[in-house]
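Shown here: entry17.pdb, PDB, C-alpha atoms.
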```
ATOM      1  CA  MET A  98     -76.401 -31.183 -14.754
ATOM      2  CA  ASN A  99     -73.498 -30.731 -17.160
ATOM      3  CA  GLY A 100     -75.454 -29.020 -19.910
ATOM      4  CA  ALA A 101     -74.391 -25.891 -21.718
ATOM      5  CA  GLU A 102     -75.911 -22.572 -20.717
ATOM      6  CA  TRP A 103     -74.765 -20.594 -23.761
ATOM      7  CA  LEU A 104     -74.161 -21.349 -27.443
ATOM      8  CA  VAL A 105     -71.619 -19.652 -29.678
ATOM      9  CA  VAL A 106     -72.651 -20.080 -33.297
ATOM     10  CA  THR A 107     -69.885 -19.639 -35.837
ATOM     11  CA  LYS A 108     -70.015 -19.399 -39.614
ATOM     12  CA  LEU A 109     -73.727 -18.552 -39.823
ATOM     13  CA  ASP A 110     -72.941 -16.918 -43.170
ATOM     14  CA  VAL A 111     -72.028 -20.255 -44.787
ATOM     15  CA  LEU A 112     -75.729 -21.165 -44.653
ATOM     16  CA  ASP A 113     -76.740 -18.060 -46.641
ATOM     17  CA  THR A 114     -77.210 -19.842 -49.966
ATOM     18  CA  LEU A 115     -79.270 -22.766 -48.692
ATOM     19  CA  GLU A 116     -82.960 -22.988 -49.515
ATOM     20  CA  GLU A 117     -83.481 -25.504 -46.706
ATOM     21  CA  ILE A 118     -81.364 -26.420 -43.698
ATOM     22  CA  PRO A 119     -81.556 -30.006 -42.418
ATOM     23  CA  VAL A 120     -80.943 -30.180 -38.665
ATOM     24  CA  CYS A 121     -80.437 -33.467 -36.849
ATOM     25  CA  VAL A 122     -82.874 -33.590 -33.905
ATOM     26  CA  GLY A 123     -82.526 -37.215 -32.860
ATOM     27  CA  TYR A 124     -81.450 -40.710 -33.741
ATOM     28  CA  GLU A 125     -83.347 -43.846 -34.691
ATOM     29  CA  ILE A 126     -81.836 -46.959 -33.165
ATOM     30  CA  GLY A 127     -83.568 -50.273 -33.722
ATOM     31  CA  GLY A 128     -86.865 -48.572 -34.568
ATOM     32  CA  ARG A 129     -86.762 -46.369 -31.464
ATOM     33  CA  VAL A 130     -86.115 -42.619 -31.621
ATOM     34  CA  THR A 131     -83.903 -41.005 -29.011
ATOM     35  CA  ASP A 132     -82.021 -37.742 -28.641
ATOM     36  CA  GLU A 133     -78.904 -39.443 -27.283
ATOM     37  CA  ILE A 134     -76.231 -41.461 -29.051
ATOM     38  CA  PRO A 135     -75.291 -44.522 -27.015
ATOM     39  CA  ALA A 136     -71.847 -44.381 -25.401
ATOM     40  CA  ASP A 137     -71.075 -47.844 -26.814
ATOM     41  CA  VAL A 138     -69.816 -47.487 -30.393
ATOM     42  CA  HIS A 139     -70.825 -51.084 -31.198
ATOM     43  CA  GLY A 140     -73.513 -50.893 -33.880
ATOM     44  CA  LEU A 141     -72.869 -47.242 -34.640
ATOM     45  CA  GLU A 142     -73.503 -47.920 -38.329
ATOM     46  CA  LEU A 143     -77.111 -48.897 -37.447
ATOM     47  CA  ILE A 144     -77.933 -45.460 -36.030
ATOM     48  CA  LYS A 145     -79.970 -43.288 -38.397
ATOM     49  CA  PRO A 146     -80.154 -39.537 -37.873
ATOM     50  CA  VAL A 147     -83.621 -37.972 -37.664
ATOM     51  CA  TYR A 148     -83.823 -34.583 -39.343
ATOM     52  CA  THR A 149     -86.151 -31.648 -39.287
ATOM     53  CA  THR A 150     -85.873 -29.176 -42.134
ATOM     54  CA  LEU A 151     -85.824 -25.446 -41.524
ATOM     55  CA  LYS A 152     -86.356 -22.746 -44.108
ATOM     56  CA  GLY A 153     -83.172 -21.148 -45.404
ATOM     57  CA  TRP A 154     -82.918 -17.394 -45.834
ATOM     58  CA  ARG A 155     -81.005 -17.073 -49.114
ATOM     59  CA  GLU A 156     -79.843 -13.594 -48.101
ATOM     60  CA  GLN A 157     -76.372 -12.400 -47.208
ATOM     61  CA  THR A 158     -75.626 -12.296 -43.482
ATOM     62  CA  GLU A 159     -71.879 -11.735 -43.755
ATOM     63  CA  GLY A 160     -70.858  -8.797 -41.604
ATOM     64  CA  ILE A 161     -74.215  -8.327 -39.849
ATOM     65  CA  THR A 162     -73.468  -7.585 -36.197
ATOM     66  CA  GLU A 163     -76.950  -6.996 -34.787
ATOM     67  CA  PHE A 164     -79.315  -9.909 -34.155
ATOM     68  CA  ASP A 165     -82.420  -7.960 -35.198
ATOM     69  CA  LYS A 166     -80.850  -7.160 -38.582
ATOM     70  CA  LEU A 167     -80.455 -10.838 -39.504
ATOM     71  CA  PRO A 168     -83.011 -12.225 -41.969
ATOM     72  CA  LYS A 169     -86.092 -13.561 -40.164
ATOM     73  CA  ALA A 170     -85.362 -17.156 -41.215
ATOM     74  CA  ALA A 171     -81.815 -16.842 -39.791
ATOM     75  CA  ARG A 172     -83.223 -15.580 -36.485
ATOM     76  CA  ASP A 173     -85.752 -18.440 -36.547
ATOM     77  CA  TYR A 174     -82.900 -20.914 -37.114
ATOM     78  CA  LEU A 175     -81.001 -19.544 -34.110
ATOM     79  CA  ARG A 176     -84.120 -19.576 -31.895
ATOM     80  CA  PHE A 177     -84.721 -23.195 -32.981
ATOM     81  CA  GLN A 178     -81.186 -24.037 -31.839
ATOM     82  CA  GLU A 179     -81.989 -22.484 -28.466
ATOM     83  CA  ARG A 180     -85.239 -24.416 -28.042
ATOM     84  CA  GLU A 181     -83.708 -27.734 -29.053
ATOM     85  CA  SER A 182     -80.547 -27.386 -26.977
ATOM     86  CA  GLY A 183     -81.963 -25.653 -23.917
ATOM     87  CA  ALA A 184     -79.067 -23.169 -24.091
ATOM     88  CA  ARG A 185     -79.222 -19.532 -25.127
ATOM     89  CA  ILE A 186     -77.443 -17.984 -28.090
ATOM     90  CA  GLY A 187     -74.649 -15.808 -26.723
ATOM     91  CA  MET A 188     -72.532 -15.011 -29.767
ATOM     92  CA  VAL A 189     -72.940 -15.367 -33.518
ATOM     93  CA  SER A 190     -70.237 -14.914 -36.134
ATOM     94  CA  THR A 191     -71.257 -13.888 -39.628
ATOM     95  CA  GLY A 192     -67.864 -13.851 -41.260
ATOM     96  CA  PRO A 193     -64.176 -14.622 -40.798
ATOM     97  CA  ASP A 194     -63.179 -11.313 -39.193
ATOM     98  CA  ARG A 195     -63.419 -10.503 -35.489
ATOM     99  CA  ASP A 196     -65.613  -7.487 -36.200
ATOM    100  CA  GLN A 197     -68.132  -9.822 -37.871
ATOM    101  CA  THR A 198     -69.181 -11.310 -34.542
ATOM    102  CA  MET A 199     -72.160 -10.206 -32.518
ATOM    103  CA  VAL A 200     -72.341 -10.613 -28.766
ATOM    104  CA  LEU A 201     -75.933 -10.690 -27.557
ATOM    105  CA  PRO A 202     -76.647  -8.342 -24.616
ATOM    106  CA  GLU A 203     -77.611 -11.089 -22.136
ATOM    107  CA  PHE A 204     -74.350 -12.913 -22.826
ATOM    108  CA  ALA A 205     -72.332  -9.718 -22.463
ATOM    109  CA  GLU A 206     -74.002  -9.125 -19.078
ATOM    110  CA  ALA A 207     -73.236 -12.690 -17.983
ATOM    111  CA  LEU A 208     -69.584 -12.251 -18.979
ATOM    112  CA  ASP A 209     -69.393  -8.916 -17.166
ATOM    113  CA  SER A 210     -70.796 -10.452 -13.989
ATOM    114  CA  ILE A 211     -68.077 -13.109 -14.043
ATOM    115  CA  HIS A 212     -65.325 -10.476 -14.199
ATOM    116  CA  LYS A 213     -66.633  -8.362 -11.339
TER     117      LYS A 213
END
```

Please render this file's structure as structure tokens.
Amino acid sequence: MNGAEWLVVTKLDVLDTLEEIPVCVGYEIGGRVTDEIPADVHGLELIKPVYTTLKGWREQTEGITEFDKLPKAARDYLRFQERESGARIGMVSTGPDRDQTMVLPEFAEALDSIHK
């Protein structure tokens, strides 16, 4: 109901040197795995993150502004984020400068439709 429709991924380039990327996909609480953290902070120290490990790309992405030009493992990482979150990737930054940000076509269309 209140979920996100789009994701904006920043600083993708800081992952460039990693061989593997651990991504938290859930939480173990009292031997049970869930994808939600309880609203009650009591016992927070007993919650253990559950990770899946994705392959890193160990290639430079800084300055890449086209999704298809990203290393395959970087694209796989972003598609994984989409599958896990249920939201689509709309923008990705690959460096600190404004011109190092890509806006995916579907997101650009969605933004255009809002402004019409």

Review point. Looking at A:Leu115, A:Ile211, A:Leu175, A:Ile161, which one is nearest to Gly192 (chain A), with distances taken over all atoms listed in the file?
Key: A:Ile161

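Across the chains present, the PyMOL selection byres ((chain A and resi 122) around 9) applied to this file returns Val120, Cys121, Gly123, Tyr124, Thr131, Asp132, Pro146, Val147, Tyr148, Thr149 and Glu181 of chain A.
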
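The interatomic distance for the pair CA of Leu109 (chain A) and CA of Glu206 (chain A) works out to 22.8 Å.
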
Practice item. Have a look at A:Lys152, A:Lys108, A:Arg129, A:Arg185 and name the one nearest to Lys169 (chain A); count all atoms listed in the file. Key: A:Lys152

Review point. How would you write, as a ChimeraX atom specification, the residues chosen by the PyMOL selection byres ((chain A and resi 113) around 12) on this structure?
Key: /A:108-112,114-118,152-159,167-168,170-171,174,191-192

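CA of Val138 (chain A) lies 27.4 Å from CA of Glu102 (chain A).
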
Exercise for review: Could you please determine the separation between CA of Ala205 (chain A) and CA of Ala184 (chain A) in Å, to one decimal place?
Suggested key: 15.1 Å

Check your understanding: Can you tell me, as a PyMOL selection string, what residues are no more than 8 Å from Trp103 (chain A) when counting only C-alpha atoms, ignoring any on the same chain fewer than 2 positions away?
Key -> chain A and resi 101+105+184-187+204

Enclosing box along x, y and z for every listed atom of region 124-142 of chain A, padded 5 Å each side, centre and size in Å, one decimal, as lines of an AutoDock Vina configuration file:
```
center_x = -78.3
center_y = -44.4
center_z = -31.9
size_x = 27.0
size_y = 23.3
size_z = 22.9
```
